[in-house]
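Read through the structure below, which is laid out as C-alpha cells, and then see the notes.
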Amino acid sequence: MGFSSIIDILGSMLIGGFLLLILLRLNDSAVQNVYVNTGELIVQQNLLETIDLIEYDFKKIGYCKVWANLPDPSKSILLATKHSIKFLTDIAAPPTYPGGDGVVDTIYYYVGATSALSGTPNPRDMMLYRVVNSETAKSANLGVTQFDIKYFNALGDSLTFPISVPSSVYTMQISVTVENTQAYGEKYSTVFWRQLRLAARNLRNR
Amino acid sequence: MGGRASLLLVIGFSLIFMSISSRFNTLTTSSVDGYGAYFYDLMAYNIALSGANMAANEIFMDRTWEAGFSNVSFNGGTLNVYVSNTASGSTGKVTICHVPPGNEAARHTMQVASSAVAAHLAHGDYLGECDAVSSSSSSTATIVSEGTYGDSTRVIVVELRPASYSKYGNFYASISAYPATGDTFNGPFHTNGKLYTSGSPVFWGKVSTKSGLVMQGTPKDPKFYGGYQTGIDIPNDFDTSGLRTNAGKVFRDTTGSGKAVEVKLYYNSDGTVTYSQKIGTGSYSTAKTVALTTLAPNGLIYVEKGNIYTKGTLKGQVTMVASKKGTSGYGCVYFEDNLKYNTDPKTYPSSTDMMGIVAESNIRIQSNTTTKGKDIYTQASMYSVTGNIGPEDGLVTQSYLGSWKILGGLIAADTRVTATYSGSTPVKGLRFVHSYDDRFLTAVPPYFPKTKYYEIVSWYE
C-alpha cells in the first residue's frame with residue numbers, strides 16, 4: 001500500500017465523516033421540522049375543532065325550538081365569569097332533532113387548572129370542559145392555554161367582574177389560544193382566535 | 001468510479017430532500033386547508049345571515065311578504081331564501097319538509113304555496129312535516145335562509161309572529177315622567193319618543209325606543225338588564241272598531257238613537273260575571289249573572305260608545321273594550337275596586353286566568369268610598385289608546401298613602417302620576433307598585449290588539 005493509497009483512505013474517511021455529519025444534522029433538522037410542522041397542524045386542527053364547537057353552542061344561547069318554552073331569552077345567561085359561562089339553549093343534536101327537541105338545556109363551559117395537566121410538558125395547557133345539563137363533564141386536552149370571555153352590556157360598555165346580573169350581558173368577546181401539549185425544544189406552536197363581538201341573536205329577541 | 005459515486009450521492013441526497021420537502025408541503029397545505037374550510041364556512045354563514053336579515057326586513061315592512069330570494073349571487077356565493085307566511089293571503093298552503101342542499105340536519109317544516117311545491121320537491125324536499133317536534137303554531141312566518149360559498153352551505157331559520165301590545169310591561173307613546181334612580185321596571189319597555197333617564201333606574205325587560213336615549217343625573221347609568229334597542233317605531237294608533245266584528249258580546253244602544261251606554265261588569269270567582277247596562281240617561285238594567293263563557297264565548301266584550309265600570313275576581317279569560325265612537329267622555333274603563341285573578345299567576349304560574357282591558361280614552365281607578373284609604377290591586381294588561389292609566393284625582397290627593405299594586409302591563413299614550421309628592425317622596429295617594437305578568441311574553445288575552453309589526457321569536461343558526 002503506497003503513500004497515495006493512505007492519503008486516499010484518509011481523504012475518503014474525512015469526506016465520509018463529513019457526509020455522515022451532514023446526514024446526522026440533516027436527520028436532526030428533519031425530525032425537528034417534522035415535529036414543528038406536525039405540531040402546527042395539530043394545534044390548528046385543535047383550534048378549529050374548539051371554535052367550531054364554541055360557535056355552534058354560543059350562537060344558540062337563548063334558542064329553543066319551541067320558543068314559548070323559553071319566554072324571556074334575554075335571561076338565558078345564568079353565569080358569566082372570565083373563564084366560564086353557563087347558559088340556556090336547546091342543543092339536542094341533529095340529525096335526530098334538527099333545530100332541537102323543544103326542551104330547554106343548560107350548557108356550562110369552563111376551563112380547569114393548569115396544575116391538572118401537570119403530566120404534559122406544556123405548563124400552560126388546561127382542560128376545556130363542556131357540561132350539558134347534569135351530565136358528566138366532557139373534556140379533551142386540546143392544548144387550550146387561554147379561554148377568556150369579556151362581556152358587554154346593551155350600551156356596549158364592558159362589564160366588570162363579578163357580574164351579578166348575567167342578563168345584562170348583550171354581547172361578548174371570546175379569546176381562545178391553543179398550543180402544543182409538547183414541543184421540540186419547548187418551542188410551542190401557538191394559534192389564537194378571537195370573536196370580537198359574538199351576539200347571540202336570541203338574546204335580543206322579543 | 002468516483003464520478004459515478006458522486007452522482008449516486010447527489011441523487012440520494014436529492015431523493016431525501018424531496019421526500020422531506022414533500023412531507024413539509026403536505027403538512028403546510030393541511031394546515032391551510034383547515035383555515036380555508038373555516039373561511040368558506042364563514043362566508044356561507046355571512047351570506048345566510050344577510051339573507052335572513054333582508055327577509056326579516058321585508059316582512060317588517062310588508063307583513064304579507066312571501067316572495068323570498070332565489071339563486072341570488074351574493075358576495076361571491078349564492079343566496080336562497082324561502083319564506084312561509086300565513087299572513088300572505090295566498091290559499092292552498094302545503095306543508096313540506098324543506099331540506100337544504102347538502103345539509104339535511106338543518107331540515108325544517110314550512111308552509112308553502114301549492115304553486116311552489118314542485119320546485120321544492122325538485123331539490124329534494126318532501127311533503128309533510130320533518131319531525132315530531134314542531135316549533136310552534138303561534139309563529140306565523142318562517143324564514144329559511146341558505147348561504148352557499150364554494151362547497152359550504154349554511155342555513156339560518158327565523159320564526160316571526162305578530163307582536164301584541166300585551167307583551168309590554170310599560171309602553172308609552174311619549175313619557176312625561178323620567179325614569180330615575182330607585183325606579184324599577186319589569187317586562188318589556190317601549191316608548192315612541194326619546195327615553196330620558198335620571199341616575200340609575202333599572203329595567204329588567206328589553207327596552208326599545210324610537211328616538212334614542214338621553215342619560216341625565218349622576219351617575220348616568222341606567223341598568224338595561226334585558227337589553228336595549230333604539231330606532232324601533234311601534235305606532236300607537238290602534239283602531240278598536242275592528243274588535244267589534246269579533247266581539248262575543250257587544251253592549252250598545254239598541255234603540256237606534258245613538259246614545260252612549262254605561263256597562264257594569266263585575267267578575268265573580270266562580271267564573272260568572274254580573275252585568276247591567278244603562279243607555280243614555282236612563283237607569284241601569286237589572287243585574288244579570290251568567291257564566292263568562294256564556295256572555296262572551298270567545299272572551300271578547302265590546303262596549304260601543306260608552307264606559308265600563310268593573311271590579312271583582314276573574315276566573316277565565318276576557319278582554320274588555322270601551323270605544324268612544326268619536327264622542328268625548330266615553331271610551332273609558334273605571335275600576336270600582338280591586339280587579340284580580342281567581343288563581344294568582346305569581347303563586348301559580350300555570351294559572352290560565354287572563355284579562356285584557358282596552359280603552360280608547362283613559363283607564364282610571366275610581367275615587368269612591370271603597371277605593372279610598374286602602375291599597376288597590378289590578379291584575380290585567382291595560383291599554384289606553386289615546387289617554388293614560390291611573391287613579392282619579394281624588395285618590396291622588398287623598399290623605400292616605402297606599403299602594404296601587406299592578407300585575408300586568410300598562411300601554412298608554414302617556415304616563416299619569418299616582419301620588420302626591422314632597423320632593424321625590426310620595427306622601428299622599430297611591431305608590432306605583434308594578435309587577436310584570438311573565439305569561440304575557442308568550443300568551444295574549446283574547447283578541448288583544450296587535451302592533452303593526454312582526455317580532456322575531458326564534459333565531460336558529
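Quick note on naming: the chains in the C-alpha cells go A, B, ... in the order shown, residues restart at 1 in each chain, and ligands are numbered from 1 in order of appearance.
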Quick check: residues of chain A within 9 Å of chain B, only C-alpha atoms, returned as a VMD selection string. chain A and resid 23 30 33 to 34 37 to 38 40 to 42 44 to 45 48 52 56 59 to 60 62 to 69 71 to 75 93 to 102 153 to 155 165 to 170 200 to 206
Store the residues picked out above, limited to C-alpha atoms, as a CSV table (one decimal), in the first residue's frame.
```csv
chain,number,residue,atom,x,y,z
A,23,LEU,CA,-26.6,13.3,7.3
A,30,ALA,CA,-35.7,17.0,9.6
A,33,ASN,CA,-39.1,20.4,11.3
A,34,VAL,CA,-41.4,17.4,11.1
A,37,ASN,CA,-44.9,21.3,11.3
A,38,THR,CA,-46.9,18.4,12.6
A,40,GLU,CA,-48.6,23.4,13.8
A,41,LEU,CA,-51.1,21.2,12.0
A,42,ILE,CA,-52.3,19.7,15.2
A,44,GLN,CA,-54.6,24.5,14.1
A,45,GLN,CA,-56.9,21.5,13.9
A,48,LEU,CA,-60.7,24.8,14.6
A,52,ASP,CA,-66.5,25.1,15.7
A,56,TYR,CA,-72.2,26.2,17.4
A,59,LYS,CA,-74.8,31.3,18.8
A,60,LYS,CA,-77.7,29.2,20.2
A,62,GLY,CA,-81.4,31.7,24.3
A,63,TYR,CA,-82.7,29.5,21.5
A,64,CYS,CA,-85.4,26.9,21.9
A,65,LYS,CA,-87.2,25.2,19.0
A,66,VAL,CA,-90.5,25.6,20.9
A,67,TRP,CA,-89.8,29.2,21.6
A,68,ALA,CA,-92.6,29.6,24.2
A,69,ASN,CA,-90.6,27.2,26.4
A,71,PRO,CA,-90.3,33.0,27.3
A,72,ASP,CA,-87.6,35.6,28.1
A,73,PRO,CA,-84.4,34.7,26.1
A,74,SER,CA,-82.7,37.8,27.5
A,75,LYS,CA,-82.3,35.9,30.7
A,93,ALA,CA,-78.2,17.2,18.3
A,94,PRO,CA,-79.1,16.8,14.7
A,95,PRO,CA,-80.0,14.7,12.7
A,96,THR,CA,-82.3,13.2,15.3
A,97,TYR,CA,-83.8,16.5,16.3
A,98,PRO,CA,-82.8,19.1,13.7
A,99,GLY,CA,-83.1,22.5,15.4
A,100,GLY,CA,-83.5,21.0,18.8
A,101,ASP,CA,-86.1,18.9,20.6
A,102,GLY,CA,-88.0,21.8,22.1
A,153,ASN,CA,-74.0,45.3,28.1
A,154,ALA,CA,-76.7,46.7,25.8
A,155,LEU,CA,-74.9,50.1,25.6
A,165,VAL,CA,-76.8,40.2,36.8
A,166,PRO,CA,-75.9,37.9,33.9
A,167,SER,CA,-78.9,39.1,32.0
A,168,SER,CA,-77.2,42.4,31.5
A,169,VAL,CA,-74.9,40.6,29.0
A,170,TYR,CA,-75.7,41.6,25.5
A,200,ALA,CA,-76.4,35.5,20.2
A,201,ARG,CA,-79.4,36.8,18.3
A,202,ASN,CA,-81.9,35.2,20.6
A,203,LEU,CA,-80.7,37.4,23.5
A,204,ARG,CA,-82.1,40.4,21.6
A,205,ASN,CA,-85.4,38.9,20.6
A,206,ARG,CA,-88.8,39.8,21.9
```
Determine, counting only C-alpha atoms, which protein, DNA and RNA residues have an atom within 9 Å of an atom of stretch 77-82 of chain B; residues of the same chain fewer than 4 positions away are not included. Present the result as a list in words.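 Once the adjacent positions are removed, what remains is Met43, Ala44, Ile47, Ala48, Ser50, Gly51, Ala52, Ala55, Glu66, Ala67, Gly68, Phe69, Ser70, Asn71, Val72, Ser73, Met110, Val112, Thr142, Ile143, Val144, Ser145, Glu146, Gly147, Thr148, Tyr149 and Gly150 of chain B.
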Using the selection just defined, write its residues with N, CA and C atoms as a compact mmCIF listing (two decimals), in the first residue's frame.
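What ended up in out.txt:
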```txt
# COMPACT_ATOMS: atom_id res chain seq x y z
N MET B 43 -67.95 32.46 5.20
CA MET B 43 -68.56 33.23 4.11
C MET B 43 -69.99 32.75 3.86
N ALA B 44 -70.16 31.43 3.87
CA ALA B 44 -71.52 30.88 3.67
C ALA B 44 -72.45 31.36 4.78
N ILE B 47 -73.40 35.00 4.23
CA ILE B 47 -74.41 35.13 3.17
C ILE B 47 -75.79 34.75 3.71
N ALA B 48 -75.86 33.64 4.45
CA ALA B 48 -77.14 33.22 5.04
C ALA B 48 -77.65 34.27 6.02
N SER B 50 -77.04 37.51 5.97
CA SER B 50 -77.54 38.66 5.21
C SER B 50 -78.93 38.35 4.66
N GLY B 51 -79.10 37.14 4.14
CA GLY B 51 -80.40 36.75 3.59
C GLY B 51 -81.48 36.77 4.65
N ALA B 52 -81.16 36.27 5.84
CA ALA B 52 -82.15 36.25 6.93
C ALA B 52 -82.52 37.67 7.33
N ALA B 55 -84.64 39.30 4.54
CA ALA B 55 -86.01 38.75 4.51
C ALA B 55 -86.82 39.25 5.70
N GLU B 66 -93.84 37.17 1.00
CA GLU B 66 -93.57 35.73 0.99
C GLU B 66 -92.70 35.34 -0.20
N ALA B 67 -92.23 36.34 -0.94
CA ALA B 67 -91.55 36.04 -2.20
C ALA B 67 -90.23 35.30 -2.01
N GLY B 68 -89.47 35.67 -1.02
CA GLY B 68 -88.16 35.05 -0.82
C GLY B 68 -87.16 35.50 -1.87
N PHE B 69 -86.00 34.90 -1.87
CA PHE B 69 -84.96 35.19 -2.88
C PHE B 69 -84.50 33.86 -3.47
N SER B 70 -84.35 33.86 -4.78
CA SER B 70 -83.98 32.60 -5.43
C SER B 70 -82.68 32.74 -6.20
N ASN B 71 -81.70 31.95 -5.82
CA ASN B 71 -80.40 31.90 -6.51
C ASN B 71 -79.81 33.27 -6.79
N VAL B 72 -79.74 34.09 -5.78
CA VAL B 72 -79.17 35.42 -5.92
C VAL B 72 -77.66 35.33 -5.70
N SER B 73 -76.90 35.87 -6.66
CA SER B 73 -75.44 35.93 -6.47
C SER B 73 -75.14 36.96 -5.41
N MET B 110 -92.13 23.72 6.61
CA MET B 110 -92.60 25.00 6.10
C MET B 110 -93.99 24.85 5.48
N VAL B 112 -95.86 26.25 2.29
CA VAL B 112 -95.60 27.00 1.06
C VAL B 112 -96.82 26.96 0.16
N THR B 142 -92.09 32.02 8.70
CA THR B 142 -90.82 31.32 8.85
C THR B 142 -89.90 31.70 7.69
N ILE B 143 -88.68 32.05 8.03
CA ILE B 143 -87.67 32.36 7.01
C ILE B 143 -86.61 31.28 7.07
N VAL B 144 -86.33 30.67 5.93
CA VAL B 144 -85.20 29.74 5.85
C VAL B 144 -84.20 30.34 4.87
N SER B 145 -83.07 30.78 5.37
CA SER B 145 -82.06 31.44 4.54
C SER B 145 -80.86 30.52 4.38
N GLU B 146 -80.51 30.27 3.11
CA GLU B 146 -79.38 29.38 2.82
C GLU B 146 -78.29 30.15 2.10
N GLY B 147 -77.12 30.17 2.66
CA GLY B 147 -75.98 30.79 2.02
C GLY B 147 -75.00 29.73 1.55
N THR B 148 -74.59 29.80 0.30
CA THR B 148 -73.64 28.81 -0.24
C THR B 148 -72.39 29.53 -0.73
N TYR B 149 -71.25 29.05 -0.29
CA TYR B 149 -69.98 29.61 -0.75
C TYR B 149 -69.05 28.43 -0.99
N GLY B 150 -68.63 28.27 -2.25
CA GLY B 150 -67.86 27.08 -2.59
C GLY B 150 -68.70 25.85 -2.32
```
Using DSSP assignments from the backbone, pull out every residue in stretch 385-447 of chain B that falls under alpha helix (DSSP H) and give it to me as a list in words.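 Checking each residue of stretch 385-447 of chain B, the alpha helix (DSSP H) ones are Asp393, Gly394, Leu395 and Val396 of chain B.
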Take the residues that were just selected and, keeping C-alpha atoms, output them as a CSV table (one decimal), in the first residue's frame.
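Produced file out.csv, reproduced below:
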```csv
chain,number,residue,atom,x,y,z
B,393,ASP,CA,-107.6,62.9,41.2
B,394,GLY,CA,-109.4,62.2,44.5
B,395,LEU,CA,-107.2,59.2,45.1
B,396,VAL,CA,-104.0,61.1,44.2
```
Find the distance between atom CA of B:Lys405 and atom CA of B:Ser367 and write it in Å to one decimal. 15.9 Å
Nearest to A:Glu179: which of A:Leu142, A:Val132, A:Ala92, A:Ala80 is it, counting only C-alpha atoms? A:Leu142
What lies within 9 Å of stretch 337-347 of chain B using only C-alpha atoms, ignoring chain neighbours under 5 positions off, as JSON, numbers by chain? {"B": [266, 267, 268, 269, 270, 271, 310, 311, 312, 313, 314, 315, 316, 352, 353, 354, 355, 365, 366, 368, 370, 371, 375, 376, 377, 378, 379, 380, 407, 437, 438, 439]}
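Shortest separation to A:Lys82 among A:Ser175, A:Ser189, A:Gln195, A:Thr181 occurs at residue A:Ser175, atoms counted being only C-alpha atoms.
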